[in-house]
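input_6.cif (mmCIF, N, CA, C and O atoms)
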data_entry
#
loop_
_atom_site.label_atom_id
_atom_site.label_comp_id
_atom_site.auth_asym_id
_atom_site.auth_seq_id
_atom_site.Cartn_x
_atom_site.Cartn_y
_atom_site.Cartn_z
N MET A 1 -17.41 -3.74 -15.52
CA MET A 1 -16.17 -3.05 -15.30
C MET A 1 -15.25 -3.95 -14.47
O MET A 1 -15.66 -4.52 -13.47
N ALA A 2 -13.99 -4.09 -14.89
CA ALA A 2 -13.03 -4.93 -14.19
C ALA A 2 -12.64 -4.30 -12.87
O ALA A 2 -12.49 -3.09 -12.76
N LYS A 3 -12.46 -5.16 -11.86
CA LYS A 3 -12.04 -4.67 -10.55
C LYS A 3 -10.52 -4.70 -10.46
O LYS A 3 -9.88 -5.60 -10.95
N VAL A 4 -9.99 -3.69 -9.84
CA VAL A 4 -8.55 -3.63 -9.58
C VAL A 4 -8.31 -4.35 -8.25
O VAL A 4 -8.96 -4.04 -7.25
N PRO A 5 -7.38 -5.31 -8.22
CA PRO A 5 -7.13 -6.03 -6.96
C PRO A 5 -6.64 -5.10 -5.86
O PRO A 5 -5.91 -4.14 -6.12
N ALA A 6 -7.04 -5.41 -4.64
CA ALA A 6 -6.63 -4.60 -3.49
C ALA A 6 -5.12 -4.56 -3.36
O ALA A 6 -4.56 -3.54 -2.93
N ALA A 7 -4.44 -5.63 -3.75
CA ALA A 7 -2.97 -5.64 -3.70
C ALA A 7 -2.39 -4.54 -4.58
O ALA A 7 -1.45 -3.85 -4.19
N ALA A 8 -2.96 -4.37 -5.76
CA ALA A 8 -2.48 -3.33 -6.69
C ALA A 8 -2.81 -1.93 -6.18
O ALA A 8 -2.02 -1.00 -6.33
N VAL A 9 -3.98 -1.80 -5.56
CA VAL A 9 -4.36 -0.49 -5.01
C VAL A 9 -3.42 -0.09 -3.88
O VAL A 9 -2.93 1.05 -3.82
N ALA A 10 -3.13 -1.03 -2.99
CA ALA A 10 -2.24 -0.74 -1.87
C ALA A 10 -0.82 -0.41 -2.35
O ALA A 10 -0.23 0.58 -1.92
N ALA A 11 -0.29 -1.23 -3.25
CA ALA A 11 1.05 -0.96 -3.77
C ALA A 11 1.08 0.36 -4.53
O ALA A 11 2.01 1.15 -4.39
N GLY A 12 0.04 0.60 -5.31
CA GLY A 12 -0.05 1.85 -6.05
C GLY A 12 -0.15 3.06 -5.14
O GLY A 12 0.35 4.13 -5.47
N GLY A 13 -0.79 2.89 -4.00
CA GLY A 13 -0.89 3.98 -3.04
C GLY A 13 0.45 4.36 -2.46
O GLY A 13 0.75 5.54 -2.28
N LEU A 14 1.28 3.37 -2.18
CA LEU A 14 2.61 3.65 -1.65
C LEU A 14 3.49 4.31 -2.71
O LEU A 14 4.14 5.32 -2.45
N VAL A 15 3.49 3.74 -3.90
CA VAL A 15 4.31 4.30 -4.99
C VAL A 15 3.77 5.66 -5.42
O VAL A 15 4.51 6.63 -5.56
N GLY A 16 2.46 5.73 -5.62
CA GLY A 16 1.86 6.98 -6.06
C GLY A 16 1.95 8.08 -5.03
O GLY A 16 2.21 9.25 -5.37
N GLY A 17 1.76 7.74 -3.78
CA GLY A 17 1.87 8.74 -2.72
C GLY A 17 3.26 9.35 -2.67
O GLY A 17 3.41 10.57 -2.57
N TYR A 18 4.27 8.49 -2.77
CA TYR A 18 5.63 9.02 -2.77
C TYR A 18 5.90 9.84 -4.03
O TYR A 18 6.48 10.93 -3.96
N GLY A 19 5.46 9.33 -5.16
CA GLY A 19 5.69 10.05 -6.41
C GLY A 19 5.04 11.42 -6.42
O GLY A 19 5.66 12.41 -6.82
N ILE A 20 3.81 11.48 -5.96
CA ILE A 20 3.11 12.77 -5.91
C ILE A 20 3.83 13.73 -4.96
O ILE A 20 4.04 14.90 -5.29
N ALA A 21 4.21 13.24 -3.80
CA ALA A 21 4.91 14.10 -2.84
C ALA A 21 6.24 14.60 -3.42
O ALA A 21 6.58 15.78 -3.28
N ARG A 22 6.94 13.72 -4.07
CA ARG A 22 8.25 14.11 -4.62
C ARG A 22 8.11 15.08 -5.79
O ARG A 22 8.83 16.07 -5.88
N TRP A 23 7.20 14.78 -6.72
CA TRP A 23 7.11 15.58 -7.94
C TRP A 23 6.40 16.92 -7.75
O TRP A 23 6.64 17.86 -8.48
N THR A 24 5.50 16.98 -6.76
CA THR A 24 4.83 18.25 -6.51
C THR A 24 5.55 19.08 -5.45
O THR A 24 5.30 20.28 -5.34
N GLY A 25 6.38 18.42 -4.64
CA GLY A 25 7.02 19.11 -3.53
C GLY A 25 6.09 19.32 -2.35
O GLY A 25 6.42 20.03 -1.41
N ARG A 26 4.93 18.70 -2.40
CA ARG A 26 3.93 18.85 -1.33
C ARG A 26 3.68 17.51 -0.67
O ARG A 26 2.91 16.68 -1.18
N ARG A 27 4.30 17.31 0.46
CA ARG A 27 4.15 16.05 1.17
C ARG A 27 2.71 15.76 1.58
O ARG A 27 2.26 14.62 1.48
N PRO A 28 1.94 16.77 2.02
CA PRO A 28 0.54 16.47 2.38
C PRO A 28 -0.27 15.94 1.19
O PRO A 28 -1.16 15.10 1.38
N LEU A 29 0.02 16.40 0.00
CA LEU A 29 -0.69 15.90 -1.17
C LEU A 29 -0.38 14.42 -1.41
O LEU A 29 -1.28 13.63 -1.73
N GLY A 30 0.86 14.04 -1.21
CA GLY A 30 1.22 12.63 -1.29
C GLY A 30 0.53 11.83 -0.20
O GLY A 30 0.11 10.69 -0.43
N GLY A 31 0.40 12.42 0.98
CA GLY A 31 -0.30 11.76 2.08
C GLY A 31 -1.76 11.52 1.79
O GLY A 31 -2.33 10.50 2.18
N VAL A 32 -2.38 12.46 1.09
CA VAL A 32 -3.79 12.29 0.70
C VAL A 32 -3.93 11.09 -0.24
O VAL A 32 -4.83 10.25 -0.08
N ALA A 33 -3.03 10.99 -1.21
CA ALA A 33 -3.07 9.85 -2.14
C ALA A 33 -2.81 8.54 -1.40
O ALA A 33 -3.51 7.54 -1.64
N LEU A 34 -1.84 8.55 -0.49
CA LEU A 34 -1.53 7.37 0.30
C LEU A 34 -2.74 6.93 1.13
O LEU A 34 -3.10 5.75 1.15
N ALA A 35 -3.38 7.89 1.78
CA ALA A 35 -4.55 7.58 2.61
C ALA A 35 -5.74 7.12 1.79
O ALA A 35 -6.46 6.19 2.18
N ALA A 36 -5.97 7.76 0.64
CA ALA A 36 -7.10 7.37 -0.21
C ALA A 36 -6.93 5.94 -0.71
O ALA A 36 -7.88 5.13 -0.66
N ALA A 37 -5.74 5.60 -1.17
CA ALA A 37 -5.50 4.24 -1.65
C ALA A 37 -5.59 3.24 -0.49
O ALA A 37 -6.15 2.15 -0.65
N GLY A 38 -5.05 3.62 0.65
CA GLY A 38 -5.13 2.74 1.82
C GLY A 38 -6.56 2.50 2.26
O GLY A 38 -6.93 1.37 2.62
N SER A 39 -7.39 3.52 2.20
CA SER A 39 -8.80 3.36 2.56
C SER A 39 -9.53 2.45 1.58
O SER A 39 -10.32 1.60 1.98
N ALA A 40 -9.26 2.65 0.30
CA ALA A 40 -9.89 1.80 -0.72
C ALA A 40 -9.45 0.35 -0.57
O ALA A 40 -10.27 -0.58 -0.66
N ALA A 41 -8.17 0.16 -0.32
CA ALA A 41 -7.67 -1.20 -0.13
C ALA A 41 -8.27 -1.82 1.13
O ALA A 41 -8.67 -2.99 1.11
N ALA A 42 -8.34 -1.06 2.21
CA ALA A 42 -8.91 -1.59 3.46
C ALA A 42 -10.36 -2.00 3.28
O ALA A 42 -10.80 -3.03 3.82
N TYR A 43 -11.11 -1.23 2.51
CA TYR A 43 -12.50 -1.58 2.23
C TYR A 43 -12.57 -2.94 1.53
O TYR A 43 -13.37 -3.81 1.89
N GLU A 44 -11.72 -3.11 0.52
CA GLU A 44 -11.71 -4.38 -0.21
C GLU A 44 -11.21 -5.53 0.64
O GLU A 44 -11.72 -6.64 0.56
N TRP A 45 -10.19 -5.28 1.47
CA TRP A 45 -9.70 -6.33 2.35
C TRP A 45 -10.79 -6.80 3.30
O TRP A 45 -10.96 -7.98 3.54
N LYS A 46 -11.55 -5.85 3.83
CA LYS A 46 -12.64 -6.22 4.75
C LYS A 46 -13.70 -7.01 4.01
O LYS A 46 -14.22 -8.00 4.52
N ARG A 47 -14.03 -6.58 2.81
CA ARG A 47 -15.05 -7.25 2.02
C ARG A 47 -14.62 -8.67 1.64
O ARG A 47 -15.40 -9.61 1.70
N GLN A 48 -13.35 -8.84 1.29
CA GLN A 48 -12.86 -10.13 0.81
C GLN A 48 -12.43 -11.08 1.91
O GLN A 48 -12.61 -12.28 1.78
N ALA A 49 -11.84 -10.55 2.97
CA ALA A 49 -11.23 -11.43 3.97
C ALA A 49 -11.73 -11.21 5.39
O ALA A 49 -11.30 -11.90 6.30
N GLY A 50 -12.57 -10.21 5.60
CA GLY A 50 -13.11 -9.97 6.93
C GLY A 50 -12.38 -8.88 7.68
O GLY A 50 -11.30 -8.44 7.28
N PRO A 51 -12.97 -8.45 8.80
CA PRO A 51 -12.42 -7.32 9.54
C PRO A 51 -11.06 -7.58 10.18
O PRO A 51 -10.22 -6.68 10.25
N LEU A 52 -10.82 -8.78 10.64
CA LEU A 52 -9.53 -9.08 11.29
C LEU A 52 -8.39 -9.00 10.27
O LEU A 52 -7.35 -8.38 10.53
N ALA A 53 -8.59 -9.61 9.12
CA ALA A 53 -7.57 -9.55 8.07
C ALA A 53 -7.38 -8.12 7.58
O ALA A 53 -6.25 -7.68 7.33
N ALA A 54 -8.47 -7.38 7.45
CA ALA A 54 -8.39 -5.99 7.00
C ALA A 54 -7.59 -5.15 7.99
O ALA A 54 -6.77 -4.32 7.58
N THR A 55 -7.81 -5.38 9.26
CA THR A 55 -7.06 -4.64 10.28
C THR A 55 -5.58 -4.97 10.20
O THR A 55 -4.73 -4.07 10.23
N GLY A 56 -5.27 -6.24 10.09
CA GLY A 56 -3.87 -6.65 9.99
C GLY A 56 -3.18 -6.09 8.76
O GLY A 56 -2.04 -5.61 8.83
N LEU A 57 -3.87 -6.12 7.62
CA LEU A 57 -3.29 -5.58 6.40
C LEU A 57 -3.17 -4.06 6.44
O LEU A 57 -2.21 -3.50 5.90
N THR A 58 -4.10 -3.41 7.09
CA THR A 58 -4.02 -1.95 7.23
C THR A 58 -2.84 -1.57 8.11
O THR A 58 -2.10 -0.62 7.80
N VAL A 59 -2.63 -2.31 9.18
CA VAL A 59 -1.46 -2.08 10.04
C VAL A 59 -0.18 -2.32 9.24
O VAL A 59 0.78 -1.54 9.33
N ALA A 60 -0.18 -3.37 8.42
CA ALA A 60 1.00 -3.65 7.58
C ALA A 60 1.23 -2.53 6.57
O ALA A 60 2.38 -2.17 6.29
N TYR A 61 0.17 -1.97 6.03
CA TYR A 61 0.27 -0.86 5.07
C TYR A 61 0.93 0.36 5.72
O TYR A 61 1.85 0.96 5.17
N VAL A 62 0.46 0.70 6.90
CA VAL A 62 1.04 1.84 7.64
C VAL A 62 2.48 1.53 8.03
O VAL A 62 3.36 2.40 7.92
N ALA A 63 2.75 0.30 8.45
CA ALA A 63 4.12 -0.09 8.81
C ALA A 63 5.04 -0.05 7.59
O ALA A 63 6.21 0.33 7.69
N ALA A 64 4.51 -0.42 6.43
CA ALA A 64 5.30 -0.36 5.20
C ALA A 64 5.68 1.08 4.88
O ALA A 64 6.82 1.38 4.52
N PHE A 65 4.72 1.97 5.01
CA PHE A 65 5.00 3.40 4.79
C PHE A 65 6.07 3.88 5.76
O PHE A 65 7.05 4.50 5.36
N ALA A 66 5.90 3.58 7.03
CA ALA A 66 6.87 4.02 8.04
C ALA A 66 8.23 3.35 7.81
O ALA A 66 9.28 4.00 7.94
N GLY A 67 8.22 2.08 7.47
CA GLY A 67 9.47 1.35 7.27
C GLY A 67 10.24 1.78 6.04
O GLY A 67 11.45 1.56 5.96
N SER A 68 9.55 2.39 5.09
CA SER A 68 10.25 2.83 3.89
C SER A 68 11.23 3.96 4.19
O SER A 68 12.23 4.11 3.49
N HIS A 69 10.98 4.72 5.23
CA HIS A 69 11.86 5.85 5.55
C HIS A 69 13.25 5.40 6.00
O HIS A 69 14.24 5.85 5.43
N PRO A 70 13.37 4.54 7.01
CA PRO A 70 14.72 4.10 7.37
C PRO A 70 15.37 3.24 6.28
O PRO A 70 16.58 3.28 6.08
N LEU A 71 14.56 2.48 5.55
CA LEU A 71 15.09 1.67 4.46
C LEU A 71 15.68 2.57 3.36
O LEU A 71 16.71 2.24 2.77
N ALA A 72 15.04 3.70 3.12
CA ALA A 72 15.52 4.63 2.09
C ALA A 72 16.92 5.15 2.40
O ALA A 72 17.69 5.44 1.47
N LYS A 73 17.25 5.25 3.66
CA LYS A 73 18.59 5.73 4.04
C LYS A 73 19.66 4.70 3.67
O LYS A 73 20.82 5.05 3.48
N LYS A 74 19.26 3.45 3.53
CA LYS A 74 20.21 2.39 3.21
C LYS A 74 20.27 2.09 1.71
O LYS A 74 21.34 1.83 1.18
N VAL A 75 19.12 2.11 1.03
CA VAL A 75 19.09 1.67 -0.37
C VAL A 75 18.64 2.76 -1.34
O VAL A 75 18.66 2.54 -2.55
N GLY A 76 18.19 3.89 -0.85
CA GLY A 76 17.67 4.94 -1.71
C GLY A 76 16.16 5.00 -1.64
O GLY A 76 15.50 4.02 -1.26
N ALA A 77 15.60 6.14 -2.02
CA ALA A 77 14.17 6.37 -1.85
C ALA A 77 13.32 5.45 -2.73
O ALA A 77 12.44 4.74 -2.23
N TRP A 78 13.54 5.48 -4.05
CA TRP A 78 12.69 4.66 -4.92
C TRP A 78 12.83 3.17 -4.67
O TRP A 78 11.81 2.47 -4.61
N PRO A 79 14.05 2.65 -4.48
CA PRO A 79 14.14 1.22 -4.17
C PRO A 79 13.40 0.85 -2.88
O PRO A 79 12.77 -0.21 -2.80
N ALA A 80 13.45 1.73 -1.90
CA ALA A 80 12.73 1.46 -0.64
C ALA A 80 11.23 1.45 -0.87
O ALA A 80 10.52 0.56 -0.37
N VAL A 81 10.73 2.41 -1.63
CA VAL A 81 9.29 2.47 -1.90
C VAL A 81 8.84 1.23 -2.66
O VAL A 81 7.82 0.62 -2.34
N PHE A 82 9.60 0.85 -3.68
CA PHE A 82 9.22 -0.34 -4.46
C PHE A 82 9.30 -1.61 -3.62
O PHE A 82 8.49 -2.53 -3.78
N THR A 83 10.25 -1.67 -2.71
CA THR A 83 10.38 -2.85 -1.84
C THR A 83 9.18 -2.99 -0.93
O THR A 83 8.59 -4.07 -0.83
N VAL A 84 8.81 -1.91 -0.25
CA VAL A 84 7.68 -2.01 0.68
C VAL A 84 6.36 -2.18 -0.09
O VAL A 84 5.45 -2.87 0.39
N ALA A 85 6.26 -1.59 -1.27
CA ALA A 85 5.05 -1.76 -2.08
C ALA A 85 4.90 -3.22 -2.51
O ALA A 85 3.81 -3.79 -2.46
N GLY A 86 6.01 -3.82 -2.89
CA GLY A 86 5.98 -5.24 -3.23
C GLY A 86 5.61 -6.11 -2.05
O GLY A 86 4.86 -7.09 -2.18
N GLY A 87 6.13 -5.75 -0.90
CA GLY A 87 5.81 -6.51 0.32
C GLY A 87 4.34 -6.44 0.68
O GLY A 87 3.73 -7.46 1.00
N ILE A 88 3.77 -5.25 0.61
CA ILE A 88 2.34 -5.13 0.96
C ILE A 88 1.47 -5.79 -0.10
O ILE A 88 0.43 -6.38 0.21
N ALA A 89 1.89 -5.72 -1.36
CA ALA A 89 1.13 -6.39 -2.42
C ALA A 89 1.14 -7.90 -2.21
O ALA A 89 0.10 -8.57 -2.34
N ALA A 90 2.30 -8.45 -1.86
CA ALA A 90 2.40 -9.88 -1.61
C ALA A 90 1.56 -10.30 -0.41
O ALA A 90 0.85 -11.32 -0.45
N ALA A 91 1.61 -9.52 0.65
CA ALA A 91 0.81 -9.84 1.84
C ALA A 91 -0.68 -9.77 1.53
O ALA A 91 -1.45 -10.65 1.92
N SER A 92 -1.07 -8.74 0.80
CA SER A 92 -2.48 -8.59 0.43
C SER A 92 -2.94 -9.76 -0.43
O SER A 92 -4.00 -10.35 -0.19
N TRP A 93 -2.14 -10.11 -1.41
CA TRP A 93 -2.49 -11.21 -2.30
C TRP A 93 -2.62 -12.51 -1.50
O TRP A 93 -3.57 -13.27 -1.68
N ALA A 94 -1.65 -12.76 -0.61
CA ALA A 94 -1.67 -14.00 0.16
C ALA A 94 -2.90 -14.10 1.06
O ALA A 94 -3.55 -15.14 1.13
N VAL A 95 -3.25 -13.01 1.72
CA VAL A 95 -4.39 -13.03 2.64
C VAL A 95 -5.71 -13.12 1.89
O VAL A 95 -6.59 -13.92 2.23
N THR A 96 -5.88 -12.32 0.84
CA THR A 96 -7.15 -12.33 0.12
C THR A 96 -7.30 -13.58 -0.71
O THR A 96 -8.41 -14.07 -0.91
N ARG A 97 -6.21 -14.14 -1.21
CA ARG A 97 -6.28 -15.38 -1.99
C ARG A 97 -6.70 -16.54 -1.10
O ARG A 97 -7.51 -17.38 -1.47
N ARG A 98 -6.11 -16.59 0.10
CA ARG A 98 -6.43 -17.67 1.04
C ARG A 98 -7.90 -17.62 1.44
O ARG A 98 -8.55 -18.64 1.56
N SER A 99 -8.44 -16.43 1.63
CA SER A 99 -9.83 -16.31 2.06
C SER A 99 -10.80 -16.57 0.92
O SER A 99 -11.97 -16.83 1.15
N ALA A 100 -10.33 -16.50 -0.31
CA ALA A 100 -11.21 -16.72 -1.47
C ALA A 100 -11.48 -18.19 -1.71
O ALA A 100 -12.36 -18.55 -2.47
N ARG A 101 -10.72 -19.06 -1.08
CA ARG A 101 -10.90 -20.51 -1.29
C ARG A 101 -12.14 -21.03 -0.64
O ARG A 101 -12.67 -20.64 0.27
#

Starting from the file, lay out its structure as structure tokens.
Amino acid sequence: MAKVPAAAVAAGGLVGGYGIARWTGRRPLGGVALAAAGSAAAYEWKRQAGPLAATGLTVAYVAAFAGSHPLAKKVGAWPAVFTVAGGIAAASWAVTRRSAR
């Protein structure tokens, strides 16, 4: 079975969490999706790059979620979500790629 990269899981968690919250009208349900994806990504980050990198990327994931809120006031909700999702995916890819060498 093919593995989904942690970068895709993290980005998908941000996009999916927002989408679920918006489409269902239940913010806690979106939070569950966000947390589940973040936990899965953190597990993979720790496995691939170690605990220090996993901690840093997890902090970045939470910061991306928090940062999407003020960014949304400037550029709109979906553009903000896609921007922070891209940022966390790039950070994840850079950190896990470097450790794979």

Evaluate the PyMOL selection byres (((chain A and resi 83 and name CA) around 12) and name CA) and report residues as a PyMOL selection string:
chain A and resi 11+14-15+64-65+67-69+71-72+75-82+84-90

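Of the listed residues A:Pro28, A:Lys73, A:Leu57, A:Ile20, the one whose atoms come nearest to Trp93 (chain A) is A:Leu57, with distances taken using only C-alpha atoms.
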
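Shortest atom-to-atom contact with Gly12 (chain A) among A:Ala40, A:Ala91, A:Ala60, A:Leu34: A:Leu34, counting all atoms listed in the file.
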
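Of the listed residues A:Gln48, A:Ala21, A:Ala66, A:Ala37, the one whose atoms come nearest to Ala8 (chain A) is A:Ala37, with distances taken using all atoms listed in the file.
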
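Among A:Gly13, A:Pro5, A:Gly50, A:Gly56, the residue with the shortest atom-to-atom distance to Ala36 (chain A), counting all atoms listed in the file, is A:Gly13.
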
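Residue nearest Glu44 (chain A), chosen from A:Tyr61, A:Arg27, A:Ala94, A:Ala6 and counting all atoms listed in the file: A:Ala6.
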
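In this model, the gap between atom C of Ala53 (chain A) and atom N of Ala35 (chain A) comes to 17.5 Å.
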
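From atom O of Pro70 (chain A) back to atom N of Ala41 (chain A), the distance works out to 25.8 Å.
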